[in-house]
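Structure file final03.txt; described as compact mmCIF, N, CA, C and O atoms.
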# COMPACT_ATOMS: atom_id res chain seq x y z
N MET S 1 0.84 -1.18 0.00
CA MET S 1 0.00 0.00 0.00
C MET S 1 0.88 1.23 0.00
O MET S 1 1.83 1.34 0.77
N GLU S 2 0.55 2.19 -0.83
CA GLU S 2 1.26 3.46 -0.90
C GLU S 2 0.82 4.35 0.27
O GLU S 2 -0.35 4.31 0.66
N PRO S 3 1.73 5.16 0.79
CA PRO S 3 1.31 6.10 1.83
C PRO S 3 0.24 7.05 1.30
O PRO S 3 0.27 7.44 0.14
N LEU S 4 -0.71 7.38 2.14
CA LEU S 4 -1.80 8.28 1.76
C LEU S 4 -1.48 9.69 2.22
O LEU S 4 -1.07 9.89 3.37
N GLU S 5 -1.69 10.66 1.36
CA GLU S 5 -1.37 12.04 1.69
C GLU S 5 -2.61 12.93 1.63
O GLU S 5 -2.76 13.85 2.42
N ARG S 6 -3.51 12.66 0.71
CA ARG S 6 -4.71 13.48 0.56
C ARG S 6 -5.69 13.20 1.71
O ARG S 6 -5.96 12.04 2.02
N PRO S 7 -6.24 14.25 2.32
CA PRO S 7 -7.18 14.03 3.42
C PRO S 7 -8.34 13.11 3.06
O PRO S 7 -8.70 12.23 3.84
N LYS S 8 -8.91 13.26 1.86
CA LYS S 8 -10.04 12.42 1.47
C LYS S 8 -9.64 10.95 1.42
O LYS S 8 -10.38 10.08 1.87
N ALA S 9 -8.45 10.65 0.91
CA ALA S 9 -7.99 9.26 0.84
C ALA S 9 -7.78 8.67 2.23
O ALA S 9 -8.14 7.51 2.49
N ILE S 10 -7.22 9.46 3.14
CA ILE S 10 -7.01 9.01 4.52
C ILE S 10 -8.36 8.73 5.19
O ILE S 10 -8.56 7.70 5.83
N ILE S 11 -9.29 9.64 5.01
CA ILE S 11 -10.62 9.51 5.61
C ILE S 11 -11.35 8.30 5.03
O ILE S 11 -11.93 7.50 5.78
N ASP S 12 -11.32 8.15 3.72
CA ASP S 12 -11.98 7.00 3.08
C ASP S 12 -11.43 5.69 3.63
O ASP S 12 -12.18 4.77 3.94
N PHE S 13 -10.11 5.60 3.76
CA PHE S 13 -9.49 4.36 4.27
C PHE S 13 -9.93 4.09 5.71
O PHE S 13 -10.29 2.96 6.05
N CYS S 14 -9.94 5.12 6.54
CA CYS S 14 -10.27 4.93 7.96
C CYS S 14 -11.74 4.60 8.19
O CYS S 14 -12.08 3.82 9.08
N LEU S 15 -12.63 5.18 7.39
CA LEU S 15 -14.06 4.97 7.60
C LEU S 15 -14.61 3.74 6.87
O LEU S 15 -15.72 3.30 7.17
N ALA S 16 -13.86 3.17 5.95
CA ALA S 16 -14.35 2.04 5.15
C ALA S 16 -14.90 0.89 5.99
O ALA S 16 -15.98 0.37 5.67
N PRO S 17 -14.25 0.48 7.07
CA PRO S 17 -14.78 -0.66 7.84
C PRO S 17 -16.14 -0.37 8.49
O PRO S 17 -16.88 -1.29 8.82
N LEU S 18 -16.49 0.88 8.65
CA LEU S 18 -17.76 1.23 9.30
C LEU S 18 -18.95 1.14 8.35
O LEU S 18 -20.10 1.10 8.81
N GLU S 19 -18.68 1.10 7.05
CA GLU S 19 -19.73 0.99 6.04
C GLU S 19 -20.85 2.00 6.28
O GLU S 19 -22.04 1.67 6.25
N LEU S 20 -20.48 3.26 6.49
CA LEU S 20 -21.46 4.31 6.72
C LEU S 20 -22.20 4.64 5.43
O LEU S 20 -21.64 4.56 4.35
N ASP S 21 -23.43 5.03 5.56
CA ASP S 21 -24.20 5.50 4.41
C ASP S 21 -23.65 6.88 4.05
O ASP S 21 -23.80 7.83 4.82
N PRO S 22 -23.01 7.01 2.88
CA PRO S 22 -22.39 8.29 2.53
C PRO S 22 -23.40 9.43 2.39
O PRO S 22 -23.02 10.60 2.43
N GLN S 23 -24.67 9.10 2.25
CA GLN S 23 -25.70 10.13 2.12
C GLN S 23 -26.23 10.61 3.47
O GLN S 23 -26.97 11.59 3.53
N SER S 24 -25.87 9.91 4.56
CA SER S 24 -26.41 10.29 5.87
C SER S 24 -25.74 11.57 6.38
O SER S 24 -24.58 11.86 6.07
N GLU S 25 -26.49 12.30 7.16
CA GLU S 25 -25.98 13.54 7.75
C GLU S 25 -24.80 13.25 8.67
O GLU S 25 -23.82 13.99 8.69
N ALA S 26 -24.87 12.14 9.42
CA ALA S 26 -23.79 11.78 10.34
C ALA S 26 -22.49 11.51 9.58
O ALA S 26 -21.42 11.98 9.98
N ALA S 27 -22.57 10.77 8.48
CA ALA S 27 -21.37 10.47 7.69
C ALA S 27 -20.77 11.75 7.11
O ALA S 27 -19.54 11.93 7.12
N ARG S 28 -21.60 12.64 6.62
CA ARG S 28 -21.10 13.90 6.06
C ARG S 28 -20.42 14.74 7.15
O ARG S 28 -19.38 15.35 6.92
N GLU S 29 -21.01 14.76 8.34
CA GLU S 29 -20.44 15.53 9.44
C GLU S 29 -19.11 14.95 9.91
O GLU S 29 -18.16 15.68 10.17
N VAL S 30 -19.03 13.62 9.99
CA VAL S 30 -17.78 12.96 10.38
C VAL S 30 -16.69 13.30 9.37
O VAL S 30 -15.57 13.66 9.75
N ARG S 31 -17.00 13.19 8.09
CA ARG S 31 -16.02 13.50 7.05
C ARG S 31 -15.58 14.97 7.12
O ARG S 31 -14.41 15.29 6.98
N ARG S 32 -16.54 15.86 7.34
CA ARG S 32 -16.22 17.29 7.43
C ARG S 32 -15.27 17.56 8.59
O ARG S 32 -14.27 18.27 8.44
N ARG S 33 -15.53 16.96 9.73
CA ARG S 33 -14.68 17.18 10.91
C ARG S 33 -13.29 16.58 10.72
O ARG S 33 -12.28 17.21 11.05
N LEU S 34 -13.25 15.34 10.20
CA LEU S 34 -11.95 14.71 9.99
C LEU S 34 -11.11 15.46 8.96
O LEU S 34 -9.90 15.62 9.13
N GLU S 35 -11.75 15.93 7.91
CA GLU S 35 -11.02 16.69 6.90
C GLU S 35 -10.45 17.97 7.51
O GLU S 35 -9.30 18.34 7.24
N HIS S 36 -11.22 18.63 8.36
CA HIS S 36 -10.73 19.84 9.03
C HIS S 36 -9.51 19.52 9.90
O HIS S 36 -8.50 20.24 9.86
N VAL S 37 -9.57 18.44 10.66
CA VAL S 37 -8.47 18.05 11.54
C VAL S 37 -7.21 17.74 10.73
O VAL S 37 -6.12 18.23 11.04
N ILE S 38 -7.36 16.96 9.68
CA ILE S 38 -6.20 16.56 8.88
C ILE S 38 -5.59 17.77 8.18
O ILE S 38 -4.37 17.94 8.19
N LYS S 39 -6.43 18.60 7.58
CA LYS S 39 -5.90 19.78 6.89
C LYS S 39 -5.23 20.75 7.86
O LYS S 39 -4.19 21.33 7.56
N THR S 40 -5.81 20.91 9.05
CA THR S 40 -5.20 21.78 10.06
C THR S 40 -3.85 21.24 10.48
O THR S 40 -2.87 21.97 10.58
N PHE S 41 -3.79 19.94 10.71
CA PHE S 41 -2.53 19.30 11.11
C PHE S 41 -1.48 19.47 10.02
O PHE S 41 -0.34 19.81 10.29
N GLN S 42 -1.87 19.22 8.76
CA GLN S 42 -0.92 19.36 7.66
C GLN S 42 -0.43 20.81 7.53
O GLN S 42 0.73 21.05 7.24
N THR S 43 -1.32 21.76 7.74
CA THR S 43 -0.94 23.17 7.66
C THR S 43 0.06 23.52 8.76
O THR S 43 1.06 24.18 8.52
N LYS S 44 -0.20 23.06 9.97
CA LYS S 44 0.69 23.33 11.10
C LYS S 44 2.04 22.65 10.91
O LYS S 44 3.06 23.15 11.37
N ALA S 45 2.05 21.52 10.23
CA ALA S 45 3.30 20.79 9.98
C ALA S 45 4.09 21.45 8.85
O ALA S 45 5.23 21.08 8.61
N ALA S 46 3.47 22.40 8.15
CA ALA S 46 4.08 23.16 7.05
C ALA S 46 4.39 22.31 5.83
O ALA S 46 5.12 22.74 4.95
N LYS S 47 3.87 21.10 5.80
CA LYS S 47 4.02 20.26 4.61
C LYS S 47 2.98 19.16 4.70
O LYS S 47 2.53 18.80 5.79
N PRO S 48 2.58 18.60 3.56
CA PRO S 48 1.64 17.48 3.61
C PRO S 48 2.24 16.29 4.37
O PRO S 48 3.42 15.98 4.22
N ILE S 49 1.44 15.69 5.18
CA ILE S 49 1.85 14.52 5.95
C ILE S 49 1.25 13.29 5.29
O ILE S 49 0.04 13.24 5.05
N ALA S 50 2.08 12.32 4.99
CA ALA S 50 1.60 11.07 4.40
C ALA S 50 1.40 10.05 5.52
O ALA S 50 2.16 10.01 6.49
N VAL S 51 0.37 9.24 5.38
CA VAL S 51 0.08 8.20 6.36
C VAL S 51 0.27 6.86 5.67
O VAL S 51 -0.37 6.57 4.66
N ASP S 52 1.16 6.03 6.21
CA ASP S 52 1.43 4.72 5.63
C ASP S 52 0.79 3.67 6.53
O ASP S 52 1.38 3.24 7.51
N PHE S 53 -0.42 3.27 6.17
CA PHE S 53 -1.14 2.29 6.99
C PHE S 53 -0.53 0.90 6.90
O PHE S 53 -0.74 0.07 7.77
N SER S 54 0.26 0.63 5.85
CA SER S 54 0.85 -0.70 5.73
C SER S 54 1.95 -0.93 6.76
O SER S 54 2.27 -2.07 7.09
N SER S 55 2.52 0.14 7.30
CA SER S 55 3.56 -0.03 8.32
C SER S 55 3.00 0.08 9.73
O SER S 55 3.73 0.03 10.70
N MET S 56 1.69 0.22 9.82
CA MET S 56 1.03 0.36 11.11
C MET S 56 0.88 -1.03 11.74
O MET S 56 0.42 -1.96 11.09
N PRO S 57 1.29 -1.20 12.99
CA PRO S 57 1.15 -2.51 13.62
C PRO S 57 -0.33 -2.90 13.78
O PRO S 57 -1.17 -2.05 14.02
N SER S 58 -0.59 -4.18 13.63
CA SER S 58 -1.96 -4.67 13.80
C SER S 58 -2.35 -4.60 15.26
O SER S 58 -1.53 -4.78 16.15
N GLN S 59 -3.64 -4.37 15.49
CA GLN S 59 -4.15 -4.38 16.84
C GLN S 59 -5.23 -5.45 16.91
O GLN S 59 -6.15 -5.45 16.09
N VAL S 60 -5.10 -6.34 17.86
CA VAL S 60 -6.08 -7.40 18.03
C VAL S 60 -6.95 -7.04 19.22
O VAL S 60 -6.46 -6.76 20.31
N ILE S 61 -8.25 -7.02 18.97
CA ILE S 61 -9.19 -6.70 20.04
C ILE S 61 -9.76 -8.01 20.57
O ILE S 61 -10.32 -8.80 19.81
N ASN S 62 -9.60 -8.23 21.85
CA ASN S 62 -10.12 -9.42 22.49
C ASN S 62 -11.53 -9.12 22.98
O ASN S 62 -11.73 -8.58 24.06
N GLU S 63 -12.51 -9.42 22.11
CA GLU S 63 -13.90 -9.09 22.46
C GLU S 63 -14.35 -9.83 23.70
O GLU S 63 -15.14 -9.30 24.48
N ALA S 64 -13.88 -11.04 23.91
CA ALA S 64 -14.29 -11.83 25.07
C ALA S 64 -13.88 -11.12 26.36
O ALA S 64 -14.59 -11.16 27.35
N ALA S 65 -12.75 -10.44 26.34
CA ALA S 65 -12.26 -9.73 27.52
C ALA S 65 -13.15 -8.53 27.85
O ALA S 65 -13.16 -8.05 28.97
N HIS S 66 -13.92 -8.08 26.87
CA HIS S 66 -14.79 -6.92 27.07
C HIS S 66 -16.24 -7.32 27.22
O HIS S 66 -17.12 -6.47 27.25
N GLY S 67 -16.51 -8.60 27.25
CA GLY S 67 -17.87 -9.07 27.45
C GLY S 67 -18.72 -9.11 26.19
O GLY S 67 -19.94 -9.11 26.27
N TYR S 68 -18.12 -9.13 25.01
CA TYR S 68 -18.88 -9.17 23.75
C TYR S 68 -18.75 -10.53 23.09
O TYR S 68 -18.43 -10.66 21.94
N GLU S 69 -19.01 -11.56 23.83
CA GLU S 69 -18.85 -12.92 23.29
C GLU S 69 -19.98 -13.26 22.35
O GLU S 69 -21.08 -12.90 22.47

Kindly present the structure from the file in structure tokens form.
Amino acid sequence: MEPLERPKAIIDFCLAPLELDPQSEAAREVRRRLEHVIKTFQTKAAKPIAVDFSSMPSQVINEAAHGYE
């Protein structure tokens, strides 16, 4: 996977597992807020920040430990 630099690409990748209805008001609001955060961060960093999800360590959630058996 190539590192993602565009806010929309980062947001699309992160929200994909949630399978949100893209037409819903909640999905539009989440995207609007995340885009604002990413663009603000990139502006403060003075350069576009790329996110490489392929180098991100996997996280295993033990649902049984949280009572979701």

Exercise. What residues have an atom no more than 8 Å from (-11.3, 13.7, 2.3) in the file's own frame, counting all atoms listed in the file, and can you write them as a ChimeraX atom specification?
Worked result: /S:6-12,31-32,34-36

Problem set entry | Test item, helix (DSSP H, G or I) assignment across chain S, answer as number ranges by chain | S: 7-18, 25-44, 53-55, 63-66

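For the pair atom O of Ala46 of chain S and atom CA of Pro3 of chain S, the separation is 17.4 Å.
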
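For the set S:Ala26, S:Pro17, S:Thr40, S:Leu4, the residue with the smallest atom-to-atom gap to Phe53 of chain S is S:Leu4, counting all atoms listed in the file.
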
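The spacing separating atom N of Lys39 of chain S from atom CA of Ser24 of chain S amounts to 21.7 Å.
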
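Atom CA of Asp21 of chain S to atom N of Ile49 of chain S spans 27.6 Å [interatomic distance, one decimal].
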
Exercise. Of the candidates S:Ala16, S:Glu2, S:Ser58, S:Val51, which one gets nearest to Ile38 of chain S if we count only C-alpha atoms?
Worked result: S:Val51

Please return the centre and edge lengths, in Å to one decimal, of a box with edges along x, y and z that contains all listed atoms of segment 39-47 of chain S, widened by 4 Å on every side, as lines of an AutoDock Vina configuration file.
center_x = -0.6
center_y = 21.4
center_z = 8.0
size_x = 19.7
size_y = 13.6
size_z = 14.8

Place all heavy atoms on segment 37-48 of chain S and deliver the coordinates as a compact mmCIF listing (two decimals), keeping the file's coordinate frame.
# COMPACT_ATOMS: atom_id res chain seq x y z
N VAL S 37 -9.57 18.44 10.66
CA VAL S 37 -8.47 18.05 11.54
C VAL S 37 -7.21 17.74 10.73
O VAL S 37 -6.12 18.23 11.04
CB VAL S 37 -8.85 16.83 12.41
CG1 VAL S 37 -7.64 16.25 13.10
CG2 VAL S 37 -9.91 17.22 13.42
N ILE S 38 -7.36 16.96 9.68
CA ILE S 38 -6.20 16.56 8.88
C ILE S 38 -5.59 17.77 8.18
O ILE S 38 -4.37 17.94 8.19
CB ILE S 38 -6.59 15.46 7.87
CG1 ILE S 38 -6.93 14.17 8.63
CG2 ILE S 38 -5.46 15.21 6.87
CD1 ILE S 38 -7.60 13.10 7.78
N LYS S 39 -6.43 18.60 7.58
CA LYS S 39 -5.90 19.78 6.89
C LYS S 39 -5.23 20.75 7.86
O LYS S 39 -4.19 21.33 7.56
CB LYS S 39 -7.01 20.49 6.11
CG LYS S 39 -7.39 19.76 4.85
CD LYS S 39 -8.46 20.50 4.09
CE LYS S 39 -8.76 19.82 2.77
NZ LYS S 39 -9.80 20.55 2.01
N THR S 40 -5.81 20.91 9.05
CA THR S 40 -5.20 21.78 10.06
C THR S 40 -3.85 21.24 10.48
O THR S 40 -2.87 21.97 10.58
CB THR S 40 -6.13 21.92 11.28
OG1 THR S 40 -7.37 22.49 10.86
CG2 THR S 40 -5.51 22.79 12.36
N PHE S 41 -3.79 19.94 10.71
CA PHE S 41 -2.53 19.30 11.11
C PHE S 41 -1.48 19.47 10.02
O PHE S 41 -0.34 19.81 10.29
CB PHE S 41 -2.75 17.82 11.42
CG PHE S 41 -1.50 17.11 11.84
CD1 PHE S 41 -0.99 17.30 13.11
CD2 PHE S 41 -0.83 16.28 10.97
CE1 PHE S 41 0.18 16.66 13.50
CE2 PHE S 41 0.33 15.63 11.35
CZ PHE S 41 0.84 15.83 12.62
N GLN S 42 -1.87 19.22 8.76
CA GLN S 42 -0.92 19.36 7.66
C GLN S 42 -0.43 20.81 7.53
O GLN S 42 0.73 21.05 7.24
CB GLN S 42 -1.53 18.87 6.35
CG GLN S 42 -1.67 17.36 6.31
CD GLN S 42 -2.31 16.86 5.03
OE1 GLN S 42 -3.09 17.54 4.40
NE2 GLN S 42 -1.97 15.63 4.67
N THR S 43 -1.32 21.76 7.74
CA THR S 43 -0.94 23.17 7.66
C THR S 43 0.06 23.52 8.76
O THR S 43 1.06 24.18 8.52
CB THR S 43 -2.18 24.07 7.79
OG1 THR S 43 -3.07 23.76 6.72
CG2 THR S 43 -1.81 25.54 7.73
N LYS S 44 -0.20 23.06 9.97
CA LYS S 44 0.69 23.33 11.10
C LYS S 44 2.04 22.65 10.91
O LYS S 44 3.06 23.15 11.37
CB LYS S 44 0.07 22.88 12.42
CG LYS S 44 -1.21 23.58 12.78
CD LYS S 44 -0.97 25.00 13.18
CE LYS S 44 -2.29 25.62 13.60
NZ LYS S 44 -2.21 27.03 13.83
N ALA S 45 2.05 21.52 10.23
CA ALA S 45 3.30 20.79 9.98
C ALA S 45 4.09 21.45 8.85
O ALA S 45 5.23 21.08 8.61
CB ALA S 45 3.00 19.34 9.65
N ALA S 46 3.47 22.40 8.15
CA ALA S 46 4.08 23.16 7.05
C ALA S 46 4.39 22.31 5.83
O ALA S 46 5.12 22.74 4.95
CB ALA S 46 5.33 23.89 7.54
N LYS S 47 3.87 21.10 5.80
CA LYS S 47 4.02 20.26 4.61
C LYS S 47 2.98 19.16 4.70
O LYS S 47 2.53 18.80 5.79
CB LYS S 47 5.42 19.66 4.51
CG LYS S 47 5.75 18.71 5.64
CD LYS S 47 7.11 18.10 5.47
CE LYS S 47 7.37 17.11 6.60
NZ LYS S 47 8.59 16.39 6.45
N PRO S 48 2.58 18.60 3.56
CA PRO S 48 1.64 17.48 3.61
C PRO S 48 2.24 16.29 4.37
O PRO S 48 3.42 15.98 4.22
CB PRO S 48 1.42 17.12 2.14
CG PRO S 48 1.81 18.34 1.39
CD PRO S 48 2.90 19.00 2.20
